[in-house]
Amino acid sequence: MEKIDERIAKDLLKIRAVFFRPEEPFTWASGIKSPVYCDNRLTLTAPEVRNDVENALAETIRREYPDCEVLMGTSTAGIAHAAITGHILGLPMGYVRSGNKDHGRQNQIEGRLEKGQKVVVVEDLISTGGSVIEVVNVLREAGAQVLGIVSIFTYGMRKGLDRLAAAEVKNVSLTNFDVIARVAAEENYIKPEDVDRLIAFRNNPSDESWIGR
């Protein structure tokens with residue numbers, strides 16, 4: 001039976017939500033050269049893949065966070081996934097803005113959240129972990145009990161892992177960089193010898209020596 005992480009990896013590669021280009025790297029806003037492009041928003045416009053992703057998120061929450069009472073999506077990428085997964089699970093959902101609104105009630109948390117409620121944060125992608133940890137902190141300050149995070153894809157970068165550990169928050173991803181790199185080679189999206197180059201990038205994004213390998 002195919003594992004969830006492999007199935008989701010194949011889905012993301014098929015629709016180019018995760019797209020590897022080691023021979024012609026992308027340039028991040030920081031200037032770092034990257035062999036990978038990731039846009040999990042594309043899952044929303046691919047119904048078959050969306051179905052796999054949302055059902056896998058629901059299954060993961062049932063398994064890892066059985067006491068969950070509310071789902072909270074990250075703004076903006078996690079909102080739709082939290083809504084669809086919340087519908088599958090029959091759970092209420094809301095989302096956390098990147099900052100307070102400048103009008104009305106000036107909410108940062110949208111949707112009803114009572115103090116003490118057990119919350120799972122829904123995120124599409126985790127790299128360095130900074131933005132999702134900000135969401136966790138906002139929810140904790142509002143009195144929520146954050147059980148953890150569920151995400152579609154994680155790079156597994158050391159900085160992100162260290163930040164999550166320091167914040168004492170658990171993350172469970174449907175798939176990860178290592179699995180997608182391996183599946184990409186097996187499915188002929190990249191050459192087998194490219195896998196080591198990709199892992200070298202993941203281990204140290206600021207070191208561009210992988211480009212010339």
# chains A, B, ... in the order shown; residues from 1 in each chain; ligands from 1
$ closest_atom_pairs --of "segment 50-133 of chain A" --to "segment 27-45 of chain A" --cutoff "12 Å" --atoms "only C-alpha atoms" --output "CSV"
residue,atom,partner,partner_atom,distance
A:Arg50,CA,A:Thr43,CA,5.1
A:Asn51,CA,A:Thr43,CA,8.9
A:Asp52,CA,A:Thr43,CA,9.4
A:Val53,CA,A:Thr43,CA,7.8
A:Glu54,CA,A:Thr43,CA,9.6
A:Thr76,CA,A:Arg41,CA,9.8
A:Ala77,CA,A:Arg41,CA,6.7
A:Gly78,CA,A:Arg41,CA,9.0
A:Ile79,CA,A:Arg41,CA,10.5
A:Ala80,CA,A:Leu44,CA,8.1
A:His81,CA,A:Leu44,CA,8.4
A:Ala83,CA,A:Leu44,CA,11.8
A:Ile84,CA,A:Leu44,CA,10.2
A:Glu123,CA,A:Asn40,CA,10.1
A:Asp124,CA,A:Asn40,CA,6.4
A:Leu125,CA,A:Asn40,CA,7.4
A:Ile126,CA,A:Cys38,CA,10.6
A:Ser127,CA,A:Cys38,CA,10.5
$ write_last_selection --atoms "N, CA and C atoms" --output "PDB file, in the first residue's frame"
ATOM      1  N   ARG A  50      -6.383  18.032  -4.637  1.00  0.00           N
ATOM      2  CA  ARG A  50      -7.002  18.692  -3.482  1.00  0.00           C
ATOM      3  C   ARG A  50      -7.705  17.673  -2.599  1.00  0.00           C
ATOM      4  N   ASN A  51      -8.404  16.740  -3.206  1.00  0.00           N
ATOM      5  CA  ASN A  51      -9.103  15.706  -2.448  1.00  0.00           C
ATOM      6  C   ASN A  51      -8.122  14.862  -1.646  1.00  0.00           C
ATOM      7  N   ASP A  52      -7.010  14.469  -2.284  1.00  0.00           N
ATOM      8  CA  ASP A  52      -5.986  13.696  -1.574  1.00  0.00           C
ATOM      9  C   ASP A  52      -5.423  14.484  -0.393  1.00  0.00           C
ATOM     10  N   VAL A  53      -5.100  15.744  -0.650  1.00  0.00           N
ATOM     11  CA  VAL A  53      -4.481  16.574   0.383  1.00  0.00           C
ATOM     12  C   VAL A  53      -5.420  16.790   1.568  1.00  0.00           C
ATOM     13  N   GLU A  54      -6.647  17.185   1.304  1.00  0.00           N
ATOM     14  CA  GLU A  54      -7.567  17.501   2.402  1.00  0.00           C
ATOM     15  C   GLU A  54      -7.931  16.260   3.210  1.00  0.00           C
ATOM     16  N   THR A  76      -2.126  33.659   4.185  1.00  0.00           N
ATOM     17  CA  THR A  76      -3.418  33.325   3.597  1.00  0.00           C
ATOM     18  C   THR A  76      -3.477  31.873   3.134  1.00  0.00           C
ATOM     19  N   ALA A  77      -2.315  31.254   2.960  1.00  0.00           N
ATOM     20  CA  ALA A  77      -2.261  29.948   2.294  1.00  0.00           C
ATOM     21  C   ALA A  77      -2.976  28.839   3.053  1.00  0.00           C
ATOM     22  N   GLY A  78      -3.035  28.930   4.374  1.00  0.00           N
ATOM     23  CA  GLY A  78      -3.635  27.852   5.146  1.00  0.00           C
ATOM     24  C   GLY A  78      -5.142  27.959   5.312  1.00  0.00           C
ATOM     25  N   ILE A  79      -5.724  29.098   4.905  1.00  0.00           N
ATOM     26  CA  ILE A  79      -7.142  29.331   5.183  1.00  0.00           C
ATOM     27  C   ILE A  79      -8.031  28.317   4.471  1.00  0.00           C
ATOM     28  N   ALA A  80      -7.854  28.154   3.164  1.00  0.00           N
ATOM     29  CA  ALA A  80      -8.715  27.235   2.409  1.00  0.00           C
ATOM     30  C   ALA A  80      -8.552  25.804   2.901  1.00  0.00           C
ATOM     31  N   HIS A  81      -7.324  25.412   3.212  1.00  0.00           N
ATOM     32  CA  HIS A  81      -7.100  24.035   3.682  1.00  0.00           C
ATOM     33  C   HIS A  81      -7.759  23.807   5.040  1.00  0.00           C
ATOM     34  N   ALA A  83     -10.421  25.359   6.084  1.00  0.00           N
ATOM     35  CA  ALA A  83     -11.864  25.350   5.854  1.00  0.00           C
ATOM     36  C   ALA A  83     -12.342  24.001   5.317  1.00  0.00           C
ATOM     37  N   ILE A  84     -11.641  23.485   4.310  1.00  0.00           N
ATOM     38  CA  ILE A  84     -12.058  22.208   3.708  1.00  0.00           C
ATOM     39  C   ILE A  84     -11.871  21.059   4.686  1.00  0.00           C
ATOM     40  N   GLU A 123      -1.205  24.689   8.057  1.00  0.00           N
ATOM     41  CA  GLU A 123      -0.247  25.456   7.253  1.00  0.00           C
ATOM     42  C   GLU A 123       0.031  24.696   5.957  1.00  0.00           C
ATOM     43  N   ASP A 124       0.360  25.421   4.895  1.00  0.00           N
ATOM     44  CA  ASP A 124       0.636  24.718   3.638  1.00  0.00           C
ATOM     45  C   ASP A 124       2.095  24.328   3.506  1.00  0.00           C
ATOM     46  N   LEU A 125       3.007  25.168   4.010  1.00  0.00           N
ATOM     47  CA  LEU A 125       4.432  24.952   3.780  1.00  0.00           C
ATOM     48  C   LEU A 125       5.232  25.483   4.962  1.00  0.00           C
ATOM     49  N   ILE A 126       6.222  24.705   5.394  1.00  0.00           N
ATOM     50  CA  ILE A 126       7.121  25.172   6.452  1.00  0.00           C
ATOM     51  C   ILE A 126       8.554  25.121   5.940  1.00  0.00           C
ATOM     52  N   SER A 127       9.221  26.286   6.008  1.00  0.00           N
ATOM     53  CA  SER A 127      10.643  26.325   5.646  1.00  0.00           C
ATOM     54  C   SER A 127      11.447  26.665   6.901  1.00  0.00           C
TER      55      SER A 127
END
$ residues_around --residues "Ile180 of chain A" --least-positions-apart "2" --cutoff "12 Å" --atoms "only C-alpha atoms" --output "ChimeraX atom specification"
/A:4-14,16-20,36,38,152-156,174-178,182-190,195,198-199
$ write_last_selection --atoms "C-alpha atoms" --output "tab-separated table (two decimals), in the first residue's frame"
chain	number	residue	atom	x	y	z
A	4	ILE	CA	0.68	8.99	2.36
A	5	ASP	CA	3.95	10.91	2.10
A	6	GLU	CA	4.76	9.25	-1.24
A	7	ARG	CA	1.25	9.75	-2.63
A	8	ILE	CA	1.21	13.43	-1.70
A	9	ALA	CA	4.73	13.83	-3.13
A	10	LYS	CA	3.55	12.40	-6.45
A	11	ASP	CA	0.51	14.69	-6.39
A	12	LEU	CA	2.56	17.82	-5.76
A	13	LEU	CA	5.08	16.92	-8.46
A	14	LYS	CA	2.36	16.12	-10.98
A	16	ARG	CA	4.14	21.29	-10.26
A	17	ALA	CA	3.17	22.61	-6.87
A	18	VAL	CA	6.70	21.47	-6.01
A	19	PHE	CA	8.97	21.83	-8.98
A	20	PHE	CA	12.70	20.98	-9.04
A	36	VAL	CA	13.10	24.10	-5.86
A	38	CYS	CA	6.95	25.49	-4.16
A	152	ILE	CA	1.28	19.81	3.61
A	153	PHE	CA	5.03	20.05	3.02
A	154	THR	CA	8.14	20.83	5.03
A	155	TYR	CA	11.69	21.42	3.88
A	156	GLY	CA	13.09	20.00	7.13
A	174	LEU	CA	2.01	15.11	4.89
A	175	THR	CA	5.29	14.91	3.01
A	176	ASN	CA	8.77	16.41	3.13
A	177	PHE	CA	11.72	17.51	1.03
A	178	ASP	CA	13.60	14.21	1.27
A	182	ARG	CA	13.49	10.73	-3.93
A	183	VAL	CA	10.11	10.38	-5.66
A	184	ALA	CA	11.13	13.03	-8.22
A	185	ALA	CA	14.13	10.90	-9.17
A	186	GLU	CA	12.07	7.69	-9.29
A	187	GLU	CA	9.45	9.36	-11.49
A	188	ASN	CA	12.11	10.89	-13.81
A	189	TYR	CA	11.41	14.52	-12.96
A	190	ILE	CA	15.11	14.85	-12.09
A	195	VAL	CA	19.13	14.00	-5.17
A	198	LEU	CA	19.05	18.81	-3.48
A	199	ILE	CA	19.73	17.47	0.01
$ closest_residue --among "A:Val122, A:Leu161, A:Ala56, A:Ala166" --to "Ala82 of chain A" --atoms "only C-alpha atoms"
A:Val122
$ select_by_dssp --residues "chain A" --states "helix (DSSP H, G or I)" --output "PyMOL selection string"
chain A and resi 4-14+40-45+47-64+77-89+130-141+158-166+177-186+194-203+208-212
$ atom_distance --atom1 "atom CA of Asn137 of chain A" --atom2 "atom CA of Ser206 of chain A"
27.8 Å
$ closest_residue --among "A:Val132, A:Phe26, A:Gly160, A:Ile15" --to "Ile211 of chain A" --atoms "only C-alpha atoms"
A:Phe26
$ atom_distance --atom1 "atom CA of Leu147 of chain A" --atom2 "atom CA of Val70 of chain A"
10.2 Å
$ select_by_dssp --residues "segment 110-199 of chain A" --states "strand (DSSP E)" --output "PyMOL selection string"
chain A and resi 110+118-126+145-154+171-176
$ closest_residue --among "A:Gly212, A:Gly116, A:Pro192, A:Gly148" --to "Thr60 of chain A" --atoms "only C-alpha atoms"
A:Gly148
$ atom_distance --atom1 "atom CA of Lys3 of chain A" --atom2 "atom CA of Ile88 of chain A"
20.9 Å
$ residues_around --residues "Cys68 of chain A" --least-positions-apart "2" --cutoff "6 Å" --atoms "only C-alpha atoms" --output "ChimeraX atom specification"
/A:65-66,70,118-119
$ write_last_selection --atoms "N, CA, C and O atoms" --output "mmCIF file, in the first residue's frame"
data_model
loop_
_atom_site.group_PDB
_atom_site.id
_atom_site.type_symbol
_atom_site.label_atom_id
_atom_site.label_comp_id
_atom_site.auth_asym_id
_atom_site.auth_seq_id
_atom_site.Cartn_x
_atom_site.Cartn_y
_atom_site.Cartn_z
ATOM 1 N N TYR A 65 -3.900 14.399 16.553
ATOM 2 C CA TYR A 65 -4.507 15.378 17.452
ATOM 3 C C TYR A 65 -5.981 15.032 17.680
ATOM 4 O O TYR A 65 -6.876 15.810 17.328
ATOM 5 N N PRO A 66 -6.257 13.873 18.262
ATOM 6 C CA PRO A 66 -7.658 13.436 18.404
ATOM 7 C C PRO A 66 -8.514 14.346 19.285
ATOM 8 O O PRO A 66 -9.734 14.317 19.199
ATOM 9 N N VAL A 70 -10.775 22.987 17.404
ATOM 10 C CA VAL A 70 -10.856 24.074 16.430
ATOM 11 C C VAL A 70 -9.636 24.011 15.519
ATOM 12 O O VAL A 70 -8.527 23.733 15.973
ATOM 13 N N LYS A 118 -8.798 23.660 22.392
ATOM 14 C CA LYS A 118 -7.657 22.922 21.840
ATOM 15 C C LYS A 118 -7.625 23.118 20.324
ATOM 16 O O LYS A 118 -8.556 22.740 19.628
ATOM 17 N N VAL A 119 -6.527 23.713 19.861
ATOM 18 C CA VAL A 119 -6.421 24.177 18.479
ATOM 19 C C VAL A 119 -5.310 23.440 17.732
ATOM 20 O O VAL A 119 -4.253 23.164 18.291
#
$ decode --residues "segment 79-93 of chain A" --atoms "all heavy atoms" --output "PDB file, in the first residue's frame"
ATOM      1  N   ILE A  79      -5.724  29.098   4.905  1.00  0.00           N
ATOM      2  CA  ILE A  79      -7.142  29.331   5.183  1.00  0.00           C
ATOM      3  C   ILE A  79      -8.031  28.317   4.471  1.00  0.00           C
ATOM      4  O   ILE A  79      -8.896  27.684   5.094  1.00  0.00           O
ATOM      5  CB  ILE A  79      -7.547  30.764   4.784  1.00  0.00           C
ATOM      6  CG1 ILE A  79      -6.803  31.775   5.643  1.00  0.00           C
ATOM      7  CG2 ILE A  79      -9.059  30.952   4.935  1.00  0.00           C
ATOM      8  CD1 ILE A  79      -7.023  33.226   5.223  1.00  0.00           C
ATOM      9  N   ALA A  80      -7.854  28.154   3.164  1.00  0.00           N
ATOM     10  CA  ALA A  80      -8.715  27.235   2.409  1.00  0.00           C
ATOM     11  C   ALA A  80      -8.552  25.804   2.901  1.00  0.00           C
ATOM     12  O   ALA A  80      -9.533  25.054   3.008  1.00  0.00           O
ATOM     13  CB  ALA A  80      -8.392  27.321   0.920  1.00  0.00           C
ATOM     14  N   HIS A  81      -7.324  25.412   3.212  1.00  0.00           N
ATOM     15  CA  HIS A  81      -7.100  24.035   3.682  1.00  0.00           C
ATOM     16  C   HIS A  81      -7.759  23.807   5.040  1.00  0.00           C
ATOM     17  O   HIS A  81      -8.318  22.745   5.295  1.00  0.00           O
ATOM     18  CB  HIS A  81      -5.599  23.755   3.750  1.00  0.00           C
ATOM     19  CG  HIS A  81      -4.915  23.843   2.419  1.00  0.00           C
ATOM     20  ND1 HIS A  81      -5.209  22.982   1.383  1.00  0.00           N
ATOM     21  CD2 HIS A  81      -3.977  24.696   1.946  1.00  0.00           C
ATOM     22  CE1 HIS A  81      -4.467  23.305   0.330  1.00  0.00           C
ATOM     23  NE2 HIS A  81      -3.725  24.338   0.648  1.00  0.00           N
ATOM     24  N   ALA A  82      -7.702  24.813   5.903  1.00  0.00           N
ATOM     25  CA  ALA A  82      -8.372  24.688   7.198  1.00  0.00           C
ATOM     26  C   ALA A  82      -9.878  24.592   7.025  1.00  0.00           C
ATOM     27  O   ALA A  82     -10.556  23.822   7.716  1.00  0.00           O
ATOM     28  CB  ALA A  82      -8.010  25.878   8.093  1.00  0.00           C
ATOM     29  N   ALA A  83     -10.421  25.359   6.084  1.00  0.00           N
ATOM     30  CA  ALA A  83     -11.864  25.350   5.854  1.00  0.00           C
ATOM     31  C   ALA A  83     -12.342  24.001   5.317  1.00  0.00           C
ATOM     32  O   ALA A  83     -13.318  23.431   5.801  1.00  0.00           O
ATOM     33  CB  ALA A  83     -12.243  26.469   4.887  1.00  0.00           C
ATOM     34  N   ILE A  84     -11.641  23.485   4.310  1.00  0.00           N
ATOM     35  CA  ILE A  84     -12.058  22.208   3.708  1.00  0.00           C
ATOM     36  C   ILE A  84     -11.871  21.059   4.686  1.00  0.00           C
ATOM     37  O   ILE A  84     -12.749  20.191   4.843  1.00  0.00           O
ATOM     38  CB  ILE A  84     -11.281  21.948   2.405  1.00  0.00           C
ATOM     39  CG1 ILE A  84     -11.562  23.045   1.386  1.00  0.00           C
ATOM     40  CG2 ILE A  84     -11.665  20.584   1.822  1.00  0.00           C
ATOM     41  CD1 ILE A  84     -10.658  23.012   0.164  1.00  0.00           C
ATOM     42  N   THR A  85     -10.735  21.055   5.381  1.00  0.00           N
ATOM     43  CA  THR A  85     -10.474  19.990   6.354  1.00  0.00           C
ATOM     44  C   THR A  85     -11.449  20.082   7.519  1.00  0.00           C
ATOM     45  O   THR A  85     -11.928  19.051   8.019  1.00  0.00           O
ATOM     46  CB  THR A  85      -9.022  20.072   6.862  1.00  0.00           C
ATOM     47  OG1 THR A  85      -8.131  20.033   5.745  1.00  0.00           O
ATOM     48  CG2 THR A  85      -8.705  18.909   7.786  1.00  0.00           C
ATOM     49  N   GLY A  86     -11.761  21.298   7.941  1.00  0.00           N
ATOM     50  CA  GLY A  86     -12.747  21.477   9.001  1.00  0.00           C
ATOM     51  C   GLY A  86     -14.103  20.930   8.594  1.00  0.00           C
ATOM     52  O   GLY A  86     -14.824  20.332   9.406  1.00  0.00           O
ATOM     53  N   HIS A  87     -14.466  21.100   7.326  1.00  0.00           N
ATOM     54  CA  HIS A  87     -15.725  20.559   6.815  1.00  0.00           C
ATOM     55  C   HIS A  87     -15.721  19.033   6.872  1.00  0.00           C
ATOM     56  O   HIS A  87     -16.706  18.410   7.289  1.00  0.00           O
ATOM     57  CB  HIS A  87     -15.944  21.036   5.382  1.00  0.00           C
ATOM     58  CG  HIS A  87     -17.180  20.493   4.745  1.00  0.00           C
ATOM     59  ND1 HIS A  87     -18.449  20.924   5.085  1.00  0.00           N
ATOM     60  CD2 HIS A  87     -17.354  19.533   3.797  1.00  0.00           C
ATOM     61  CE1 HIS A  87     -19.349  20.257   4.378  1.00  0.00           C
ATOM     62  NE2 HIS A  87     -18.711  19.413   3.583  1.00  0.00           N
ATOM     63  N   ILE A  88     -14.614  18.432   6.473  1.00  0.00           N
ATOM     64  CA  ILE A  88     -14.514  16.962   6.500  1.00  0.00           C
ATOM     65  C   ILE A  88     -14.649  16.441   7.927  1.00  0.00           C
ATOM     66  O   ILE A  88     -15.328  15.434   8.177  1.00  0.00           O
ATOM     67  CB  ILE A  88     -13.170  16.508   5.896  1.00  0.00           C
ATOM     68  CG1 ILE A  88     -13.115  16.817   4.392  1.00  0.00           C
ATOM     69  CG2 ILE A  88     -12.945  15.005   6.123  1.00  0.00           C
ATOM     70  CD1 ILE A  88     -11.740  16.628   3.775  1.00  0.00           C
ATOM     71  N   LEU A  89     -14.015  17.133   8.862  1.00  0.00           N
ATOM     72  CA  LEU A  89     -13.985  16.667  10.251  1.00  0.00           C
ATOM     73  C   LEU A  89     -15.186  17.147  11.070  1.00  0.00           C
ATOM     74  O   LEU A  89     -15.379  16.690  12.198  1.00  0.00           O
ATOM     75  CB  LEU A  89     -12.701  17.148  10.931  1.00  0.00           C
ATOM     76  CG  LEU A  89     -11.390  16.555  10.406  1.00  0.00           C
ATOM     77  CD1 LEU A  89     -10.202  17.275  11.031  1.00  0.00           C
ATOM     78  CD2 LEU A  89     -11.324  15.055  10.696  1.00  0.00           C
ATOM     79  N   GLY A  90     -15.967  18.065  10.503  1.00  0.00           N
ATOM     80  CA  GLY A  90     -17.077  18.622  11.264  1.00  0.00           C
ATOM     81  C   GLY A  90     -16.614  19.506  12.409  1.00  0.00           C
ATOM     82  O   GLY A  90     -17.268  19.591  13.447  1.00  0.00           O
ATOM     83  N   LEU A  91     -15.477  20.208  12.192  1.00  0.00           N
ATOM     84  CA  LEU A  91     -14.915  21.070  13.223  1.00  0.00           C
ATOM     85  C   LEU A  91     -15.025  22.534  12.815  1.00  0.00           C
ATOM     86  O   LEU A  91     -14.964  22.868  11.628  1.00  0.00           O
ATOM     87  CB  LEU A  91     -13.437  20.738  13.438  1.00  0.00           C
ATOM     88  CG  LEU A  91     -13.102  19.418  14.116  1.00  0.00           C
ATOM     89  CD1 LEU A  91     -11.579  19.209  14.113  1.00  0.00           C
ATOM     90  CD2 LEU A  91     -13.630  19.391  15.545  1.00  0.00           C
ATOM     91  N   PRO A  92     -15.150  23.434  13.801  1.00  0.00           N
ATOM     92  CA  PRO A  92     -15.113  24.865  13.483  1.00  0.00           C
ATOM     93  C   PRO A  92     -13.714  25.260  13.041  1.00  0.00           C
ATOM     94  O   PRO A  92     -12.730  24.602  13.385  1.00  0.00           O
ATOM     95  CB  PRO A  92     -15.482  25.535  14.810  1.00  0.00           C
ATOM     96  CG  PRO A  92     -15.177  24.532  15.863  1.00  0.00           C
ATOM     97  CD  PRO A  92     -15.382  23.186  15.243  1.00  0.00           C
ATOM     98  N   MET A  93     -13.642  26.336  12.251  1.00  0.00           N
ATOM     99  CA  MET A  93     -12.340  26.832  11.818  1.00  0.00           C
ATOM    100  C   MET A  93     -12.335  28.352  11.811  1.00  0.00           C
ATOM    101  O   MET A  93     -13.381  28.992  11.797  1.00  0.00           O
ATOM    102  CB  MET A  93     -11.950  26.295  10.434  1.00  0.00           C
ATOM    103  CG  MET A  93     -12.786  26.760   9.247  1.00  0.00           C
ATOM    104  SD  MET A  93     -12.532  28.450   8.608  1.00  0.00           S
ATOM    105  CE  MET A  93     -10.807  28.384   8.107  1.00  0.00           C
TER     106      MET A  93
END
